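Only one structure is covered here, and it is reproduced in the block below.
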Amino acid sequence: MAGKISVIGPGTMGSGIAQSFLQAGYSVVVVGRSDESIKKGAERIGASMDKAIKKGAMSEQDKQKLLSMLKLTTDYSEISGSSAIIEAVAEELDEKTGVLKQIEKFSGQAIIATNTSSIPIKKMASALSDPSKFLGMHFFNPVPVMKPVEIVVAESTSEDAAAMAISLAKACGKVPIRVKDYPGFVANSVLMPMLNEAALLLEKGVADREGIDTIVKLGLNHPMGPLELADFIGLDVCKDIMEAIYNETGDEKYKPAKLISEKVSQGKLGRKSKEGFYEYK
Ligand code: 3HC
């Protein structure tokens, strides 16, 4: 059922979503806010495809074919005629609602999805004149590799829109799971207290960073330890998600550990800034 998909925001998540739909045979439009941002997005997608080639998941020929189906632009009118438009811009309510209003001018029959990890769908839906076509599609990082997509169905979302999102996620090889519009949905409700607890244990000196990560990796069979994973996600992103859930629920387990807040204020954001709980080259 390939067709056209649009993604707003060429960051890590948007680029990964674009790649996943390209690999499933869709033509993909990615909208960025500046020439600089779309240049960086193109580099990100190219680098991720090179990684797939290195891992044997893609050939150089596939890469060139997929890139010919991709259009990066700053012009929102290019999204017209899409089956779905997926918003993946910064995790800020005002930024997202501004983008949603722009999307709606050209969305036609398309469903509109947000890849938010923590902002309630209900809060964003009010920016749209027709919120029935709007819902959450929460992908996981790295998107081309990770299977699940939380399909976040708000009270205002129509059953047709939910069914469309589920079938699109399946069409790009993902496993869609329907969830309610609950703070943190399922994944981050479960994950964030674990990452926070690991930071608290480090703060208390219960074990060193390698010790904590090794116990979780080997003892609980996780591919990455919690501190390594927090660096991978970005400590600023983790903090924002925890605060968003804490503000909605008042539940202390989501209050970011002092160590996480300190690192964020020092600009130690994890892999992307070359230092977080660990140092990177
Ligand atoms: N594009 C396409 N395919 C790729 C690829 C790419 N860029 N990179 C790898 N692949 C393919 C490989 O070929 C391989 O395919 P195969 O299984 O058919 O052989 C598959 O993807 C997996 O690759 P690898 O096994 O080589 O990957 P690694 O062993 O290097 O593992 C990892 C890397 C998948 C990142 C693993 O360490 C992991 O799972 N870490 C945990 C990640 C995690 O928890 N993510 C969720 C974060 S939470 C989140 O995102 C929510 C947000 O709201 C915070």
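Residues are referred to by chain and number: the chain letter is A, B, ... according to the order shown in the structure tokens, the number counts from 1 in that chain, and ligands are numbered separately from 1 in the order shown.
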Write out, as a Markdown table, each residue of chain A that has an atom at most 8 Å from ligand 1, together with the closest pair of atoms and their distance in Å to one decimal, counting only C-alpha atoms and all ligand atoms, rows going by chain and rising number.
```
| residue | atom | partner | partner_atom_place_in_ligand_line | distance |
| --- | --- | --- | --- | --- |
| A:Gln19 | CA | ligand 1 | 1 (N) | 7.6 |
| A:Ser20 | CA | ligand 1 | 2 (C) | 7.7 |
| A:Ala47 | CA | ligand 1 | 7 (N) | 7.6 |
| A:Ser48 | CA | ligand 1 | 7 (N) | 4.0 |
| A:Met49 | CA | ligand 1 | 7 (N) | 5.3 |
| A:Asp50 | CA | ligand 1 | 7 (N) | 7.1 |
| A:Lys51 | CA | ligand 1 | 7 (N) | 4.9 |
| A:Ala52 | CA | ligand 1 | 6 (C) | 4.0 |
| A:Ile53 | CA | ligand 1 | 13 (O) | 7.7 |
| A:Lys54 | CA | ligand 1 | 13 (O) | 7.9 |
| A:Lys55 | CA | ligand 1 | 13 (O) | 4.5 |
| A:Gly56 | CA | ligand 1 | 13 (O) | 5.5 |
| A:Ala57 | CA | ligand 1 | 13 (O) | 4.2 |
| A:Met58 | CA | ligand 1 | 2 (C) | 7.3 |
| A:Thr116 | CA | ligand 1 | 53 (O) | 7.3 |
| A:Ser117 | CA | ligand 1 | 53 (O) | 4.3 |
| A:Ser118 | CA | ligand 1 | 53 (O) | 7.4 |
| A:His138 | CA | ligand 1 | 53 (O) | 7.0 |
| A:Phe139 | CA | ligand 1 | 50 (O) | 6.6 |
| A:Phe140 | CA | ligand 1 | 50 (O) | 3.5 |
| A:Asn141 | CA | ligand 1 | 50 (O) | 3.8 |
| A:Pro142 | CA | ligand 1 | 35 (C) | 6.0 |
| A:Val143 | CA | ligand 1 | 50 (O) | 7.8 |
| A:Pro144 | CA | ligand 1 | 2 (C) | 4.7 |
| A:Val145 | CA | ligand 1 | 21 (O) | 4.5 |
| A:Met146 | CA | ligand 1 | 34 (C) | 6.7 |
| A:Ala187 | CA | ligand 1 | 51 (C) | 6.7 |
| A:Asn188 | CA | ligand 1 | 53 (O) | 6.2 |
| A:Leu191 | CA | ligand 1 | 48 (S) | 7.4 |
| A:His222 | CA | ligand 1 | 41 (C) | 7.5 |
| A:Pro223 | CA | ligand 1 | 40 (N) | 5.0 |
| A:Met224 | CA | ligand 1 | 40 (N) | 5.3 |
| A:Leu229 | CA | ligand 1 | 41 (C) | 6.5 |
| A:Phe232 | CA | ligand 1 | 47 (C) | 7.7 |
| A:Ile233 | CA | ligand 1 | 54 (C) | 5.7 |
| A:Val237 | CA | ligand 1 | 54 (C) | 7.0 |
| A:Cys238 | CA | ligand 1 | 54 (C) | 6.7 |
| A:Ile241 | CA | ligand 1 | 54 (C) | 7.7 |
```
Report task. Can you pull out every residue within 12 Å of stretch 159-164 of chain A, counting only C-alpha atoms, but drop anything in the same chain fewer than 6 positions away, and send it as an MDAnalysis selection string? Result -> chainID A and resid 1 83:85 109:113 130:137 150:153 170:171 176:180
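Considering only C-alpha atoms, the residue among A:Phe21, A:Ala154, A:Leu66, A:Leu72 positioned nearest to A:Lys39 is A:Leu72.
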Query - Residue nearest A:Lys255 - candidates A:Gly25, A:Pro193, A:Gly234, A:Gly46, atoms counted: only C-alpha atoms - result: A:Pro193
**Report entry** Contacts of A:Asp35 within 9 Å, only C-alpha atoms, excl. fewer than 3 positions in-chain, as a PyMOL selection string
**Finding:** chain A and resi 32+38-40+73-74
Could the residues in this selection be written to a file with C-alpha atoms, as a compact mmCIF listing (two decimals), in the first residue's frame?
```
# COMPACT_ATOMS: atom_id res chain seq x y z
CA GLY A 32 12.81 21.24 8.05
CA ILE A 38 17.52 19.86 6.11
CA LYS A 39 21.21 19.57 5.20
CA LYS A 40 21.88 18.01 8.61
CA THR A 73 12.38 20.80 1.86
CA THR A 74 11.46 23.85 3.93
```
Report task. Run DSSP on the backbone of this structure and report the residues of stretch 42-279 of chain A it assigns to helix (DSSP H, G or I), as JSON, numbers by chain. Result -> {"A": [42, 43, 44, 45, 46, 47, 48, 49, 50, 51, 52, 53, 54, 60, 61, 62, 63, 64, 65, 66, 67, 68, 76, 77, 78, 79, 93, 94, 95, 96, 97, 98, 99, 100, 101, 102, 103, 104, 105, 106, 121, 122, 123, 124, 125, 131, 132, 133, 159, 160, 161, 162, 163, 164, 165, 166, 167, 168, 169, 170, 171, 187, 188, 189, 190, 191, 192, 193, 194, 195, 196, 197, 198, 199, 200, 201, 202, 203, 204, 209, 210, 211, 212, 213, 214, 215, 216, 217, 218, 219, 226, 227, 228, 229, 230, 231, 232, 233, 235, 236, 237, 238, 239, 240, 241, 242, 243, 244, 245, 246, 247, 248, 249, 252, 253, 254, 258, 259, 260, 261, 262, 263, 264, 265, 271, 272, 273]}
Report task. Tell me, in Å to one decimal, how far atom CA of A:Ala198 is from atom CA of A:Glu228. Result -> 10.3 Å
Requested in this report: Excluding A:Ile215 and residues on its chain fewer than 6 positions from it, collect all residues at most 10 Å away from it, counting only C-alpha atoms, and give them as a PyMOL selection string.
Outcome: chain A and resi 207+221-222+225-226
Atoms to include: all heavy atoms. Write the selected residues as a PDB file, in the first residue's frame.
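Here's the written file part_25.pdb:
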```
ATOM      1  N   ALA A 207      27.152   1.631  43.587  1.00  0.00           N
ATOM      2  CA  ALA A 207      28.125   0.993  42.677  1.00  0.00           C
ATOM      3  C   ALA A 207      28.598   2.079  41.725  1.00  0.00           C
ATOM      4  O   ALA A 207      27.989   3.158  41.661  1.00  0.00           O
ATOM      5  CB  ALA A 207      27.465  -0.148  41.909  1.00  0.00           C
ATOM      6  N   ASN A 221      19.412  -8.853  31.381  1.00  0.00           N
ATOM      7  CA  ASN A 221      19.441  -9.113  29.943  1.00  0.00           C
ATOM      8  C   ASN A 221      18.962  -7.932  29.099  1.00  0.00           C
ATOM      9  O   ASN A 221      18.201  -8.117  28.140  1.00  0.00           O
ATOM     10  CB  ASN A 221      18.617 -10.365  29.630  1.00  0.00           C
ATOM     11  CG  ASN A 221      19.300 -11.233  28.593  1.00  0.00           C
ATOM     12  OD1 ASN A 221      20.433 -10.936  28.188  1.00  0.00           O
ATOM     13  ND2 ASN A 221      18.630 -12.271  28.144  1.00  0.00           N
ATOM     14  N   HIS A 222      19.366  -6.727  29.463  1.00  0.00           N
ATOM     15  CA  HIS A 222      19.047  -5.548  28.653  1.00  0.00           C
ATOM     16  C   HIS A 222      20.206  -5.303  27.690  1.00  0.00           C
ATOM     17  O   HIS A 222      21.360  -5.505  28.067  1.00  0.00           O
ATOM     18  CB  HIS A 222      18.865  -4.315  29.539  1.00  0.00           C
ATOM     19  CG  HIS A 222      17.619  -4.343  30.369  1.00  0.00           C
ATOM     20  ND1 HIS A 222      17.076  -3.214  30.931  1.00  0.00           N
ATOM     21  CD2 HIS A 222      16.797  -5.362  30.720  1.00  0.00           C
ATOM     22  CE1 HIS A 222      15.973  -3.536  31.601  1.00  0.00           C
ATOM     23  NE2 HIS A 222      15.791  -4.832  31.494  1.00  0.00           N
ATOM     24  N   GLY A 225      22.979  -0.852  29.513  1.00  0.00           N
ATOM     25  CA  GLY A 225      22.707  -0.508  30.904  1.00  0.00           C
ATOM     26  C   GLY A 225      21.939   0.811  30.967  1.00  0.00           C
ATOM     27  O   GLY A 225      21.949   1.577  29.997  1.00  0.00           O
ATOM     28  N   PRO A 226      21.290   1.120  32.102  1.00  0.00           N
ATOM     29  CA  PRO A 226      20.447   2.317  32.177  1.00  0.00           C
ATOM     30  C   PRO A 226      21.202   3.640  32.016  1.00  0.00           C
ATOM     31  O   PRO A 226      20.662   4.579  31.440  1.00  0.00           O
ATOM     32  CB  PRO A 226      19.819   2.220  33.576  1.00  0.00           C
ATOM     33  CG  PRO A 226      20.655   1.250  34.331  1.00  0.00           C
ATOM     34  CD  PRO A 226      21.254   0.321  33.332  1.00  0.00           C
TER      35      PRO A 226
END
```
Query raised in the report: Among stretch 34-254 of chain A, which residues carry a DSSP assignment of strand (DSSP E), reported as a PyMOL selection string?
Result: chain A and resi 70-73+84-87+111-114+134-138+148-153+175-180
Requested in this report: Return the single residue from A:Tyr246, A:Tyr182, A:Tyr254, A:Phe277 that is closest to A:Lys122, with distances computed using only C-alpha atoms.
Outcome: A:Tyr182
For the contact check between stretch 124-234 of chain A and stretch 258-264 of chain A, emit one row per residue of stretch 124-234 of chain A within 10 Å, containing the shortest atom pair and the distance in Å rounded to one decimal, counting only C-alpha atoms, chain then rising number order, as a Markdown table.
```
| residue | atom | partner | partner_atom | distance |
| --- | --- | --- | --- | --- |
| A:Leu195 | CA | A:Ile260 | CA | 9.7 |
| A:Asn196 | CA | A:Ile260 | CA | 8.0 |
| A:Ala199 | CA | A:Leu259 | CA | 6.5 |
| A:Leu200 | CA | A:Leu259 | CA | 7.5 |
| A:Leu202 | CA | A:Leu259 | CA | 8.5 |
| A:Glu203 | CA | A:Leu259 | CA | 6.7 |
| A:Ala230 | CA | A:Ile260 | CA | 9.4 |
| A:Gly234 | CA | A:Val264 | CA | 9.2 |
```
Report task. Could you check how far atom CA of A:Pro148 sits from atom CA of A:Gly173, in Å to one decimal? Result -> 9.3 Å
Query - Shell of 7 Å around A:Gly276, only C-alpha atoms, local chain residues under 5 positions omitted, as number ranges by chain - result: A: 231, 263, 268-271
Report task. Have a look at A:Glu252, A:Val206, A:Thr12, A:Thr214 and name the one nearest to A:Glu43; count only C-alpha atoms. Result -> A:Thr12
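For the residues A:Thr249, A:Arg44, A:Gly211, A:Leu235, ranking by smallest atom-to-atom distance to A:Lys274 using only C-alpha atoms places A:Leu235 first.
We find atom CA of A:Lys174 and atom CA of A:Lys65 to be spaced 21.5 Å apart.
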Report task. Write out as a PyMOL selection string the residues lying within 9 Å of A:Ser77, counting only C-alpha atoms and excluding same-chain residues fewer than 5 positions away. Result -> chain A and resi 103+105-106
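Residue nearest A:Ser107 within the list A:Leu220, A:Leu128, A:Ile166, A:Met13: A:Leu128 [criterion: smallest interatomic distance, only C-alpha atoms].
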